[in-house]
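One file, structure-v2.cif, carrying mmCIF, N, CA, C and O atoms:
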```cif
data_structure
loop_
_atom_site.label_atom_id
_atom_site.label_comp_id
_atom_site.auth_asym_id
_atom_site.auth_seq_id
_atom_site.Cartn_x
_atom_site.Cartn_y
_atom_site.Cartn_z
N MET G 1 3.87 -26.39 3.03
CA MET G 1 4.75 -26.20 1.91
C MET G 1 6.13 -25.78 2.42
O MET G 1 6.27 -24.84 3.18
N GLN G 2 7.16 -26.46 1.99
CA GLN G 2 8.52 -26.18 2.41
C GLN G 2 9.15 -25.16 1.46
O GLN G 2 9.03 -25.27 0.25
N THR G 3 9.83 -24.19 2.04
CA THR G 3 10.50 -23.17 1.26
C THR G 3 11.96 -23.57 1.09
O THR G 3 12.63 -23.93 2.06
N GLU G 4 12.44 -23.53 -0.15
CA GLU G 4 13.83 -23.87 -0.41
C GLU G 4 14.72 -22.73 0.05
O GLU G 4 14.51 -21.57 -0.30
N LEU G 5 15.74 -23.07 0.83
CA LEU G 5 16.67 -22.08 1.36
C LEU G 5 18.06 -22.31 0.77
O LEU G 5 18.47 -23.45 0.55
N ILE G 6 18.79 -21.23 0.57
CA ILE G 6 20.13 -21.28 0.01
C ILE G 6 21.06 -20.56 0.97
O ILE G 6 20.78 -19.43 1.40
N ILE G 7 22.17 -21.17 1.28
CA ILE G 7 23.14 -20.57 2.20
C ILE G 7 23.76 -19.34 1.53
O ILE G 7 24.25 -19.41 0.40
N VAL G 8 23.71 -18.21 2.22
CA VAL G 8 24.19 -16.94 1.67
C VAL G 8 25.65 -17.04 1.24
O VAL G 8 26.00 -16.63 0.13
N SER G 9 26.50 -17.57 2.09
CA SER G 9 27.94 -17.62 1.77
C SER G 9 28.21 -18.45 0.52
O SER G 9 29.05 -18.08 -0.31
N GLU G 10 27.49 -19.55 0.34
CA GLU G 10 27.67 -20.39 -0.86
C GLU G 10 27.17 -19.66 -2.10
O GLU G 10 27.82 -19.69 -3.15
N TYR G 11 26.03 -19.01 -1.97
CA TYR G 11 25.48 -18.26 -3.11
C TYR G 11 26.45 -17.15 -3.53
O TYR G 11 26.74 -16.98 -4.71
N CYS G 12 26.95 -16.42 -2.56
CA CYS G 12 27.87 -15.32 -2.85
C CYS G 12 29.14 -15.84 -3.52
O CYS G 12 29.65 -15.23 -4.48
N HIS G 13 29.65 -16.95 -3.03
CA HIS G 13 30.87 -17.53 -3.62
C HIS G 13 30.63 -17.94 -5.07
O HIS G 13 31.43 -17.62 -5.96
N LYS G 14 29.53 -18.63 -5.33
CA LYS G 14 29.23 -19.10 -6.69
C LYS G 14 28.93 -17.97 -7.65
O LYS G 14 29.24 -18.04 -8.84
N CYS G 15 28.32 -16.90 -7.15
CA CYS G 15 27.91 -15.78 -8.02
C CYS G 15 28.92 -14.63 -8.01
O CYS G 15 28.71 -13.62 -8.69
N HIS G 16 30.01 -14.80 -7.26
CA HIS G 16 31.07 -13.78 -7.20
C HIS G 16 30.55 -12.42 -6.75
O HIS G 16 30.82 -11.40 -7.38
N ILE G 17 29.77 -12.44 -5.68
CA ILE G 17 29.31 -11.19 -5.09
C ILE G 17 29.71 -11.17 -3.61
O ILE G 17 29.93 -12.22 -3.00
N GLU G 18 29.80 -10.00 -3.06
CA GLU G 18 30.19 -9.84 -1.67
C GLU G 18 28.99 -10.12 -0.75
O GLU G 18 27.88 -9.68 -1.04
N PRO G 19 29.22 -10.84 0.35
CA PRO G 19 28.14 -11.03 1.32
C PRO G 19 27.59 -9.71 1.85
O PRO G 19 26.40 -9.62 2.18
N SER G 20 28.41 -8.68 1.88
CA SER G 20 27.94 -7.37 2.34
C SER G 20 26.87 -6.82 1.41
O SER G 20 26.00 -6.05 1.84
N PHE G 21 26.90 -7.20 0.13
CA PHE G 21 25.86 -6.78 -0.81
C PHE G 21 24.51 -7.36 -0.39
O PHE G 21 23.49 -6.66 -0.39
N ILE G 22 24.51 -8.63 0.01
CA ILE G 22 23.28 -9.27 0.49
C ILE G 22 22.80 -8.56 1.75
O ILE G 22 21.60 -8.30 1.91
N ASP G 23 23.74 -8.21 2.64
CA ASP G 23 23.39 -7.47 3.85
C ASP G 23 22.73 -6.14 3.51
O ASP G 23 21.73 -5.75 4.13
N MET G 24 23.27 -5.44 2.51
CA MET G 24 22.70 -4.15 2.11
C MET G 24 21.29 -4.31 1.57
O MET G 24 20.40 -3.51 1.86
N LEU G 25 21.07 -5.37 0.78
CA LEU G 25 19.73 -5.63 0.24
C LEU G 25 18.74 -5.90 1.37
O LEU G 25 17.61 -5.42 1.36
N GLU G 26 19.19 -6.67 2.36
CA GLU G 26 18.32 -6.98 3.49
C GLU G 26 18.04 -5.72 4.31
O GLU G 26 16.89 -5.45 4.68
N GLU G 27 19.07 -4.95 4.59
CA GLU G 27 18.89 -3.73 5.37
C GLU G 27 17.95 -2.75 4.67
O GLU G 27 17.21 -2.01 5.32
N GLY G 28 17.99 -2.75 3.34
CA GLY G 28 17.12 -1.88 2.56
C GLY G 28 15.70 -2.41 2.42
O GLY G 28 14.85 -1.77 1.81
N GLY G 29 15.46 -3.61 2.95
CA GLY G 29 14.13 -4.20 2.87
C GLY G 29 13.80 -4.78 1.51
O GLY G 29 12.63 -5.04 1.22
N LEU G 30 14.81 -5.00 0.68
CA LEU G 30 14.56 -5.52 -0.67
C LEU G 30 14.47 -7.04 -0.71
O LEU G 30 13.85 -7.60 -1.61
N ILE G 31 15.12 -7.70 0.25
CA ILE G 31 15.06 -9.16 0.33
C ILE G 31 14.93 -9.56 1.79
O ILE G 31 15.14 -8.75 2.69
N GLU G 32 14.63 -10.84 1.99
CA GLU G 32 14.56 -11.41 3.33
C GLU G 32 15.69 -12.42 3.48
O GLU G 32 15.89 -13.26 2.60
N VAL G 33 16.44 -12.31 4.56
CA VAL G 33 17.46 -13.29 4.89
C VAL G 33 17.01 -13.97 6.17
O VAL G 33 16.66 -13.31 7.15
N ARG G 34 17.01 -15.29 6.15
CA ARG G 34 16.61 -16.04 7.34
C ARG G 34 17.86 -16.52 8.08
O ARG G 34 18.83 -16.94 7.46
N ASP G 35 17.78 -16.46 9.38
CA ASP G 35 18.85 -16.97 10.23
C ASP G 35 18.35 -18.22 10.92
O ASP G 35 17.35 -18.18 11.64
N GLU G 36 19.06 -19.32 10.68
CA GLU G 36 18.70 -20.58 11.33
C GLU G 36 19.98 -21.27 11.77
O GLU G 36 20.88 -21.50 10.96
N GLU G 37 20.04 -21.56 13.05
CA GLU G 37 21.18 -22.26 13.63
C GLU G 37 22.51 -21.59 13.27
O GLU G 37 23.48 -22.25 12.91
N GLY G 38 22.54 -20.27 13.34
CA GLY G 38 23.77 -19.54 13.11
C GLY G 38 24.17 -19.36 11.65
O GLY G 38 25.21 -18.80 11.35
N GLU G 39 23.36 -19.82 10.74
CA GLU G 39 23.64 -19.71 9.30
C GLU G 39 22.62 -18.77 8.67
O GLU G 39 21.46 -18.75 9.07
N HIS G 40 23.05 -18.01 7.68
CA HIS G 40 22.17 -17.08 6.97
C HIS G 40 21.71 -17.74 5.66
O HIS G 40 22.53 -18.29 4.93
N TYR G 41 20.40 -17.63 5.39
CA TYR G 41 19.82 -18.27 4.21
C TYR G 41 19.01 -17.27 3.39
O TYR G 41 18.35 -16.39 3.94
N LEU G 42 19.03 -17.48 2.08
CA LEU G 42 18.17 -16.75 1.14
C LEU G 42 17.02 -17.66 0.75
O LEU G 42 17.17 -18.88 0.69
N LEU G 43 15.89 -17.06 0.44
CA LEU G 43 14.77 -17.82 -0.10
C LEU G 43 15.02 -18.01 -1.60
O LEU G 43 15.34 -17.05 -2.31
N ALA G 44 14.87 -19.23 -2.07
CA ALA G 44 15.11 -19.51 -3.48
C ALA G 44 14.21 -18.66 -4.38
O ALA G 44 14.61 -18.25 -5.47
N SER G 45 13.02 -18.34 -3.91
CA SER G 45 12.08 -17.54 -4.70
C SER G 45 12.58 -16.12 -4.94
O SER G 45 12.11 -15.43 -5.84
N GLN G 46 13.56 -15.68 -4.14
CA GLN G 46 14.10 -14.33 -4.28
C GLN G 46 15.26 -14.24 -5.26
O GLN G 46 15.73 -13.15 -5.57
N LEU G 47 15.76 -15.37 -5.73
CA LEU G 47 16.96 -15.36 -6.56
C LEU G 47 16.85 -14.50 -7.81
O LEU G 47 17.79 -13.76 -8.13
N PRO G 48 15.74 -14.54 -8.54
CA PRO G 48 15.65 -13.65 -9.72
C PRO G 48 15.81 -12.17 -9.36
O PRO G 48 16.50 -11.43 -10.07
N GLU G 49 15.22 -11.76 -8.25
CA GLU G 49 15.35 -10.37 -7.82
C GLU G 49 16.79 -10.06 -7.40
O GLU G 49 17.33 -9.01 -7.75
N ILE G 50 17.40 -10.97 -6.66
CA ILE G 50 18.78 -10.75 -6.21
C ILE G 50 19.70 -10.64 -7.42
O ILE G 50 20.59 -9.78 -7.45
N GLU G 51 19.49 -11.47 -8.41
CA GLU G 51 20.32 -11.42 -9.62
C GLU G 51 20.12 -10.09 -10.35
O GLU G 51 21.08 -9.49 -10.84
N ARG G 52 18.89 -9.61 -10.41
CA ARG G 52 18.60 -8.32 -11.04
C ARG G 52 19.31 -7.19 -10.28
O ARG G 52 19.95 -6.33 -10.88
N TYR G 53 19.19 -7.20 -8.94
CA TYR G 53 19.84 -6.18 -8.13
C TYR G 53 21.37 -6.25 -8.28
O TYR G 53 22.04 -5.23 -8.32
N SER G 54 21.88 -7.47 -8.36
CA SER G 54 23.32 -7.67 -8.51
C SER G 54 23.82 -7.08 -9.83
O SER G 54 24.86 -6.41 -9.87
N ARG G 55 23.08 -7.29 -10.90
CA ARG G 55 23.46 -6.71 -12.20
C ARG G 55 23.43 -5.19 -12.13
O ARG G 55 24.32 -4.52 -12.66
N MET G 56 22.41 -4.64 -11.49
CA MET G 56 22.32 -3.18 -11.36
C MET G 56 23.53 -2.64 -10.60
O MET G 56 24.13 -1.65 -10.99
N TYR G 57 23.87 -3.31 -9.51
CA TYR G 57 24.92 -2.82 -8.61
C TYR G 57 26.31 -3.02 -9.22
O TYR G 57 27.11 -2.08 -9.27
N TYR G 58 26.61 -4.23 -9.67
CA TYR G 58 27.96 -4.55 -10.14
C TYR G 58 28.18 -4.17 -11.61
O TYR G 58 29.24 -3.65 -11.95
N ASP G 59 27.22 -4.43 -12.47
CA ASP G 59 27.42 -4.19 -13.90
C ASP G 59 27.10 -2.75 -14.30
O ASP G 59 27.77 -2.18 -15.16
N LEU G 60 26.08 -2.16 -13.69
CA LEU G 60 25.64 -0.81 -14.07
C LEU G 60 26.09 0.26 -13.07
O LEU G 60 25.81 1.44 -13.28
N SER G 61 26.73 -0.16 -12.00
CA SER G 61 27.23 0.77 -10.95
C SER G 61 26.14 1.65 -10.36
O SER G 61 26.33 2.83 -10.11
N ILE G 62 24.96 1.05 -10.16
CA ILE G 62 23.85 1.77 -9.52
C ILE G 62 23.97 1.55 -8.02
O ILE G 62 24.08 0.41 -7.56
N ASN G 63 23.94 2.63 -7.25
CA ASN G 63 24.07 2.49 -5.80
C ASN G 63 22.77 1.96 -5.18
O ASN G 63 21.75 1.82 -5.86
N MET G 64 22.82 1.67 -3.89
CA MET G 64 21.66 1.06 -3.23
C MET G 64 20.44 1.97 -3.24
O MET G 64 19.31 1.49 -3.37
N GLU G 65 20.65 3.28 -3.12
CA GLU G 65 19.52 4.20 -3.18
C GLU G 65 18.85 4.13 -4.56
O GLU G 65 17.62 4.16 -4.67
N GLY G 66 19.66 4.02 -5.60
CA GLY G 66 19.12 3.89 -6.95
C GLY G 66 18.37 2.58 -7.15
O GLY G 66 17.31 2.54 -7.75
N ILE G 67 18.94 1.51 -6.61
CA ILE G 67 18.29 0.20 -6.71
C ILE G 67 16.95 0.24 -5.98
O ILE G 67 15.95 -0.28 -6.49
N ASP G 68 16.92 0.87 -4.82
CA ASP G 68 15.67 0.99 -4.06
C ASP G 68 14.63 1.78 -4.85
O ASP G 68 13.47 1.38 -4.94
N ALA G 69 15.05 2.88 -5.47
CA ALA G 69 14.12 3.69 -6.27
C ALA G 69 13.60 2.89 -7.46
O ALA G 69 12.40 2.91 -7.75
N ILE G 70 14.48 2.17 -8.13
CA ILE G 70 14.07 1.34 -9.28
C ILE G 70 13.09 0.27 -8.82
O ILE G 70 12.07 0.01 -9.49
N HIS G 71 13.39 -0.36 -7.68
CA HIS G 71 12.50 -1.39 -7.13
C HIS G 71 11.09 -0.84 -6.91
O HIS G 71 10.11 -1.46 -7.30
N HIS G 72 11.00 0.34 -6.31
CA HIS G 72 9.69 0.92 -6.03
C HIS G 72 8.98 1.32 -7.32
O HIS G 72 7.75 1.15 -7.44
N LEU G 73 9.71 1.82 -8.30
CA LEU G 73 9.09 2.15 -9.58
C LEU G 73 8.58 0.90 -10.29
O LEU G 73 7.49 0.91 -10.86
N LEU G 74 9.36 -0.18 -10.26
CA LEU G 74 8.91 -1.43 -10.89
C LEU G 74 7.68 -1.99 -10.19
O LEU G 74 6.78 -2.52 -10.85
N GLU G 75 7.63 -1.88 -8.86
CA GLU G 75 6.43 -2.32 -8.14
C GLU G 75 5.22 -1.49 -8.55
O GLU G 75 4.13 -2.02 -8.75
N LYS G 76 5.42 -0.18 -8.69
CA LYS G 76 4.32 0.71 -9.09
C LYS G 76 3.85 0.38 -10.50
O LYS G 76 2.65 0.33 -10.77
N ILE G 77 4.78 0.12 -11.40
CA ILE G 77 4.42 -0.25 -12.77
C ILE G 77 3.61 -1.54 -12.76
O ILE G 77 2.60 -1.65 -13.47
N GLU G 78 4.02 -2.51 -11.95
CA GLU G 78 3.29 -3.78 -11.89
C GLU G 78 1.88 -3.59 -11.33
O GLU G 78 0.92 -4.16 -11.83
N ARG G 79 1.73 -2.75 -10.29
CA ARG G 79 0.39 -2.46 -9.76
C ARG G 79 -0.47 -1.80 -10.83
O ARG G 79 -1.66 -2.13 -10.98
N MET G 80 0.10 -0.87 -11.56
CA MET G 80 -0.65 -0.17 -12.61
C MET G 80 -1.03 -1.14 -13.74
O MET G 80 -2.14 -1.07 -14.27
N ARG G 81 -0.13 -2.07 -14.07
CA ARG G 81 -0.42 -3.06 -15.10
C ARG G 81 -1.60 -3.93 -14.69
O ARG G 81 -2.52 -4.18 -15.48
N ARG G 82 -1.61 -4.36 -13.42
CA ARG G 82 -2.73 -5.17 -12.92
C ARG G 82 -4.03 -4.37 -12.92
O ARG G 82 -5.10 -4.90 -13.26
N GLU G 83 -3.95 -3.09 -12.55
CA GLU G 83 -5.14 -2.24 -12.54
C GLU G 83 -5.68 -2.05 -13.96
O GLU G 83 -6.89 -2.12 -14.19
N ILE G 84 -4.81 -1.82 -14.91
CA ILE G 84 -5.23 -1.67 -16.30
C ILE G 84 -5.90 -2.94 -16.80
O ILE G 84 -6.95 -2.89 -17.46
N GLU G 85 -5.31 -4.07 -16.47
CA GLU G 85 -5.90 -5.35 -16.88
C GLU G 85 -7.28 -5.54 -16.27
O GLU G 85 -8.22 -5.97 -16.94
N SER G 86 -7.43 -5.19 -15.02
CA SER G 86 -8.73 -5.28 -14.35
C SER G 86 -9.75 -4.34 -15.01
O SER G 86 -10.90 -4.73 -15.25
N LEU G 87 -9.34 -3.14 -15.31
CA LEU G 87 -10.23 -2.18 -15.97
C LEU G 87 -10.63 -2.66 -17.36
O LEU G 87 -11.78 -2.47 -17.78
N ARG G 88 -9.71 -3.29 -18.07
CA ARG G 88 -10.05 -3.85 -19.39
C ARG G 88 -11.11 -4.93 -19.28
O ARG G 88 -12.03 -4.98 -20.09
N ARG G 89 -10.97 -5.79 -18.26
CA ARG G 89 -11.98 -6.84 -18.07
C ARG G 89 -13.34 -6.24 -17.75
O ARG G 89 -14.36 -6.68 -18.27
N GLU G 90 -13.34 -5.21 -16.88
CA GLU G 90 -14.61 -4.54 -16.56
C GLU G 90 -15.22 -3.90 -17.80
O GLU G 90 -16.44 -3.96 -17.99
N LEU G 91 -14.40 -3.28 -18.62
CA LEU G 91 -14.89 -2.64 -19.83
C LEU G 91 -15.49 -3.68 -20.78
O LEU G 91 -16.54 -3.43 -21.39
N GLN G 92 -14.84 -4.83 -20.90
CA GLN G 92 -15.39 -5.88 -21.75
C GLN G 92 -16.74 -6.35 -21.24
O GLN G 92 -17.67 -6.55 -22.04
N LEU G 93 -16.89 -6.49 -19.93
CA LEU G 93 -18.18 -6.89 -19.37
C LEU G 93 -19.24 -5.82 -19.65
O LEU G 93 -20.38 -6.13 -20.00
N TYR G 94 -18.87 -4.58 -19.48
CA TYR G 94 -19.78 -3.47 -19.73
C TYR G 94 -20.23 -3.48 -21.19
O TYR G 94 -21.41 -3.32 -21.49
N ARG G 95 -19.30 -3.67 -22.09
CA ARG G 95 -19.62 -3.69 -23.53
C ARG G 95 -20.54 -4.85 -23.87
O ARG G 95 -21.45 -4.72 -24.67
N ARG G 96 -20.31 -6.00 -23.25
CA ARG G 96 -21.17 -7.17 -23.50
C ARG G 96 -22.59 -6.90 -23.03
O ARG G 96 -23.56 -7.24 -23.70
N ARG G 97 -22.73 -6.28 -21.85
CA ARG G 97 -24.06 -5.95 -21.34
C ARG G 97 -24.74 -4.94 -22.25
O ARG G 97 -25.93 -5.02 -22.49
N GLU G 98 -23.96 -3.99 -22.71
CA GLU G 98 -24.50 -2.94 -23.59
C GLU G 98 -25.03 -3.55 -24.88
O GLU G 98 -26.10 -3.19 -25.36
N ILE G 99 -24.30 -4.51 -25.42
CA ILE G 99 -24.75 -5.16 -26.66
C ILE G 99 -26.01 -5.97 -26.40
O ILE G 99 -26.92 -5.97 -27.22
N LYS G 100 -26.11 -6.65 -25.25
CA LYS G 100 -27.31 -7.42 -24.93
C LYS G 100 -28.54 -6.52 -24.76
O LYS G 100 -29.65 -6.92 -25.03
N ASP G 101 -28.31 -5.29 -24.29
CA ASP G 101 -29.41 -4.37 -24.03
C ASP G 101 -29.94 -3.71 -25.31
O ASP G 101 -31.02 -3.13 -25.28
N ILE G 102 -29.18 -3.83 -26.39
CA ILE G 102 -29.66 -3.22 -27.65
C ILE G 102 -30.83 -4.05 -28.17
O ILE G 102 -30.73 -5.27 -28.30
N ASP G 103 -31.91 -3.41 -28.46
CA ASP G 103 -33.10 -4.09 -28.96
C ASP G 103 -33.00 -4.20 -30.47
O ASP G 103 -33.03 -3.22 -31.19
N TRP G 104 -32.84 -5.37 -30.95
CA TRP G 104 -32.71 -5.58 -32.41
C TRP G 104 -34.07 -5.67 -32.97
O TRP G 104 -34.75 -6.05 -33.58
#
```

Encoding of this model in structure tokens:
Amino acid sequence: MQTELIIVSEYCHKCHIEPSFIDMLEEGGLIEVRDEEGEHYLLASQLPEIERYSRMYYDLSINMEGIDAIHHLLEKIERMRREIESLRRELQLYRRREIKDIDW
């Protein structure tokens, strides 16, 4: 499977963001930047996250430490959401077994 790559400088120019912002996101471990043949590339799959971080940074004036904290909280919320969904499925199975065990 081929991963679509986007040149960092072109993305920054089109989205009116500083390349140093992308560097900060990479240094913070929030995104991955690939280097190939002297050019820096973003993974297309990361664009929604980069856009979210960009809005936080430029529109809401949230610093990188704040963006990192928000990122970790959102990851935790997503893990908890998946856990709740899993527990709901287990509860439904338990309830179904319980109903089958009732002697009518």

Within 7 Å of segment 3-13 of chain G, counting only C-alpha atoms, which residues qualify if same-chain residues fewer than 6 places away don't, as a short mmCIF file (atom, residue, chain, number, x, y, z; two decimals) with N, CA, C and O atoms, in the frame of the given file?
```cif
data_model
loop_
_atom_site.label_atom_id
_atom_site.label_comp_id
_atom_site.auth_asym_id
_atom_site.auth_seq_id
_atom_site.Cartn_x
_atom_site.Cartn_y
_atom_site.Cartn_z
N PRO G 19 29.22 -10.84 0.35
CA PRO G 19 28.14 -11.03 1.32
C PRO G 19 27.59 -9.71 1.85
O PRO G 19 26.40 -9.62 2.18
N HIS G 40 23.05 -18.01 7.68
CA HIS G 40 22.17 -17.08 6.97
C HIS G 40 21.71 -17.74 5.66
O HIS G 40 22.53 -18.29 4.93
N TYR G 41 20.40 -17.63 5.39
CA TYR G 41 19.82 -18.27 4.21
C TYR G 41 19.01 -17.27 3.39
O TYR G 41 18.35 -16.39 3.94
N LEU G 42 19.03 -17.48 2.08
CA LEU G 42 18.17 -16.75 1.14
C LEU G 42 17.02 -17.66 0.75
O LEU G 42 17.17 -18.88 0.69
N LEU G 43 15.89 -17.06 0.44
CA LEU G 43 14.77 -17.82 -0.10
C LEU G 43 15.02 -18.01 -1.60
O LEU G 43 15.34 -17.05 -2.31
N ALA G 44 14.87 -19.23 -2.07
CA ALA G 44 15.11 -19.51 -3.48
C ALA G 44 14.21 -18.66 -4.38
O ALA G 44 14.61 -18.25 -5.47
#
```

Sel. of strand (DSSP E or B) residues, chain G, as an NGL selection string:
:G and (5-7 or 33-36 or 39-43)

Which distance in Å separates atom O of Gly28 of chain G and atom CA of Asp68 of chain G, to one decimal?
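Separation between atom O of Gly28 of chain G and atom CA of Asp68 of chain G: 6.5 Å.
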
Rounded to one decimal, what separation in Å do you get between atom N of Ile31 of chain G and atom O of Tyr58 of chain G?
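Pair atom N of Ile31 of chain G / atom O of Tyr58 of chain G returns 19.1 Å.
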
Out of chain G, which residues get alpha helix (DSSP H) from DSSP, as a PyMOL selection string?
chain G and resi 8-15+19-27+47-54+64-101

Residue with smallest distance to Leu30 of chain G - pool G:Glu49, G:Asp101, G:Glu18, G:Glu90, counting only C-alpha atoms:
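That would be G:Glu49, the residue with the smallest distance to Leu30 of chain G.
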
Between G:Val33, G:Leu47, G:Leu93, G:Ile70, which residue has the minimum interatomic distance to Cys15 of chain G, considering only C-alpha atoms?
G:Leu47

For a test of reading the model, state the distance in Å between atom C of Ala69 of chain G and atom CA of Ser20 of chain G, rounded to one decimal.
20.2 Å

From G:Ser86, G:Lys14, G:Met64, G:Asp59, residue lying nearest Glu26 of chain G [only C-alpha atoms]
G:Met64

Working from the structure I just supplied, which lacks atoms in segment 9-17 of chain G, can you model all heavy atoms there and output them as an mmCIF file, in the frame of the given file?
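After the write, result08.cif holds the following:
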```cif
data_model
loop_
_atom_site.group_PDB
_atom_site.id
_atom_site.type_symbol
_atom_site.label_atom_id
_atom_site.label_comp_id
_atom_site.auth_asym_id
_atom_site.auth_seq_id
_atom_site.Cartn_x
_atom_site.Cartn_y
_atom_site.Cartn_z
ATOM 1 N N SER G 9 26.500 -17.570 2.090
ATOM 2 C CA SER G 9 27.940 -17.620 1.770
ATOM 3 C C SER G 9 28.210 -18.450 0.520
ATOM 4 O O SER G 9 29.050 -18.080 -0.310
ATOM 5 C CB SER G 9 28.743 -18.148 2.955
ATOM 6 O OG SER G 9 28.304 -19.446 3.318
ATOM 7 N N GLU G 10 27.490 -19.550 0.340
ATOM 8 C CA GLU G 10 27.670 -20.390 -0.860
ATOM 9 C C GLU G 10 27.170 -19.660 -2.100
ATOM 10 O O GLU G 10 27.820 -19.690 -3.150
ATOM 11 C CB GLU G 10 26.945 -21.727 -0.689
ATOM 12 C CG GLU G 10 27.605 -22.637 0.306
ATOM 13 C CD GLU G 10 26.891 -23.966 0.450
ATOM 14 O OE1 GLU G 10 26.042 -24.306 -0.411
ATOM 15 O OE2 GLU G 10 27.185 -24.673 1.430
ATOM 16 N N TYR G 11 26.030 -19.010 -1.970
ATOM 17 C CA TYR G 11 25.480 -18.260 -3.110
ATOM 18 C C TYR G 11 26.450 -17.150 -3.530
ATOM 19 O O TYR G 11 26.740 -16.980 -4.710
ATOM 20 C CB TYR G 11 24.118 -17.673 -2.748
ATOM 21 C CG TYR G 11 23.529 -16.834 -3.846
ATOM 22 C CD1 TYR G 11 22.905 -17.425 -4.941
ATOM 23 C CD2 TYR G 11 23.628 -15.446 -3.809
ATOM 24 C CE1 TYR G 11 22.390 -16.661 -5.969
ATOM 25 C CE2 TYR G 11 23.107 -14.672 -4.835
ATOM 26 C CZ TYR G 11 22.494 -15.280 -5.905
ATOM 27 O OH TYR G 11 21.981 -14.515 -6.929
ATOM 28 N N CYS G 12 26.950 -16.420 -2.560
ATOM 29 C CA CYS G 12 27.870 -15.320 -2.850
ATOM 30 C C CYS G 12 29.140 -15.840 -3.520
ATOM 31 O O CYS G 12 29.650 -15.230 -4.480
ATOM 32 C CB CYS G 12 28.215 -14.550 -1.584
ATOM 33 S SG CYS G 12 26.830 -13.594 -0.947
ATOM 34 N N HIS G 13 29.650 -16.950 -3.030
ATOM 35 C CA HIS G 13 30.870 -17.530 -3.620
ATOM 36 C C HIS G 13 30.630 -17.940 -5.070
ATOM 37 O O HIS G 13 31.430 -17.620 -5.960
ATOM 38 C CB HIS G 13 31.337 -18.721 -2.785
ATOM 39 C CG HIS G 13 32.545 -19.389 -3.331
ATOM 40 N ND1 HIS G 13 33.800 -18.826 -3.263
ATOM 41 C CD2 HIS G 13 32.696 -20.581 -3.967
ATOM 42 C CE1 HIS G 13 34.665 -19.631 -3.837
ATOM 43 N NE2 HIS G 13 34.017 -20.714 -4.274
ATOM 44 N N LYS G 14 29.530 -18.630 -5.330
ATOM 45 C CA LYS G 14 29.230 -19.100 -6.690
ATOM 46 C C LYS G 14 28.930 -17.970 -7.650
ATOM 47 O O LYS G 14 29.240 -18.040 -8.840
ATOM 48 C CB LYS G 14 28.061 -20.085 -6.665
ATOM 49 C CG LYS G 14 28.417 -21.420 -6.092
ATOM 50 C CD LYS G 14 27.253 -22.379 -6.155
ATOM 51 C CE LYS G 14 27.653 -23.700 -5.541
ATOM 52 N NZ LYS G 14 26.585 -24.691 -5.616
ATOM 53 N N CYS G 15 28.320 -16.900 -7.150
ATOM 54 C CA CYS G 15 27.910 -15.780 -8.020
ATOM 55 C C CYS G 15 28.920 -14.630 -8.010
ATOM 56 O O CYS G 15 28.710 -13.620 -8.690
ATOM 57 C CB CYS G 15 26.541 -15.270 -7.593
ATOM 58 S SG CYS G 15 25.251 -16.492 -7.859
ATOM 59 N N HIS G 16 30.010 -14.800 -7.260
ATOM 60 C CA HIS G 16 31.070 -13.780 -7.200
ATOM 61 C C HIS G 16 30.550 -12.420 -6.750
ATOM 62 O O HIS G 16 30.820 -11.400 -7.380
ATOM 63 C CB HIS G 16 31.795 -13.663 -8.553
ATOM 64 C CG HIS G 16 32.265 -14.965 -9.087
ATOM 65 N ND1 HIS G 16 33.322 -15.652 -8.541
ATOM 66 C CD2 HIS G 16 31.797 -15.744 -10.102
ATOM 67 C CE1 HIS G 16 33.493 -16.792 -9.204
ATOM 68 N NE2 HIS G 16 32.589 -16.862 -10.154
ATOM 69 N N ILE G 17 29.770 -12.440 -5.680
ATOM 70 C CA ILE G 17 29.310 -11.190 -5.090
ATOM 71 C C ILE G 17 29.710 -11.170 -3.610
ATOM 72 O O ILE G 17 29.930 -12.220 -3.000
ATOM 73 C CB ILE G 17 27.783 -10.969 -5.246
ATOM 74 C CG1 ILE G 17 26.994 -12.044 -4.518
ATOM 75 C CG2 ILE G 17 27.390 -10.896 -6.706
ATOM 76 C CD1 ILE G 17 25.500 -11.798 -4.511
#
```
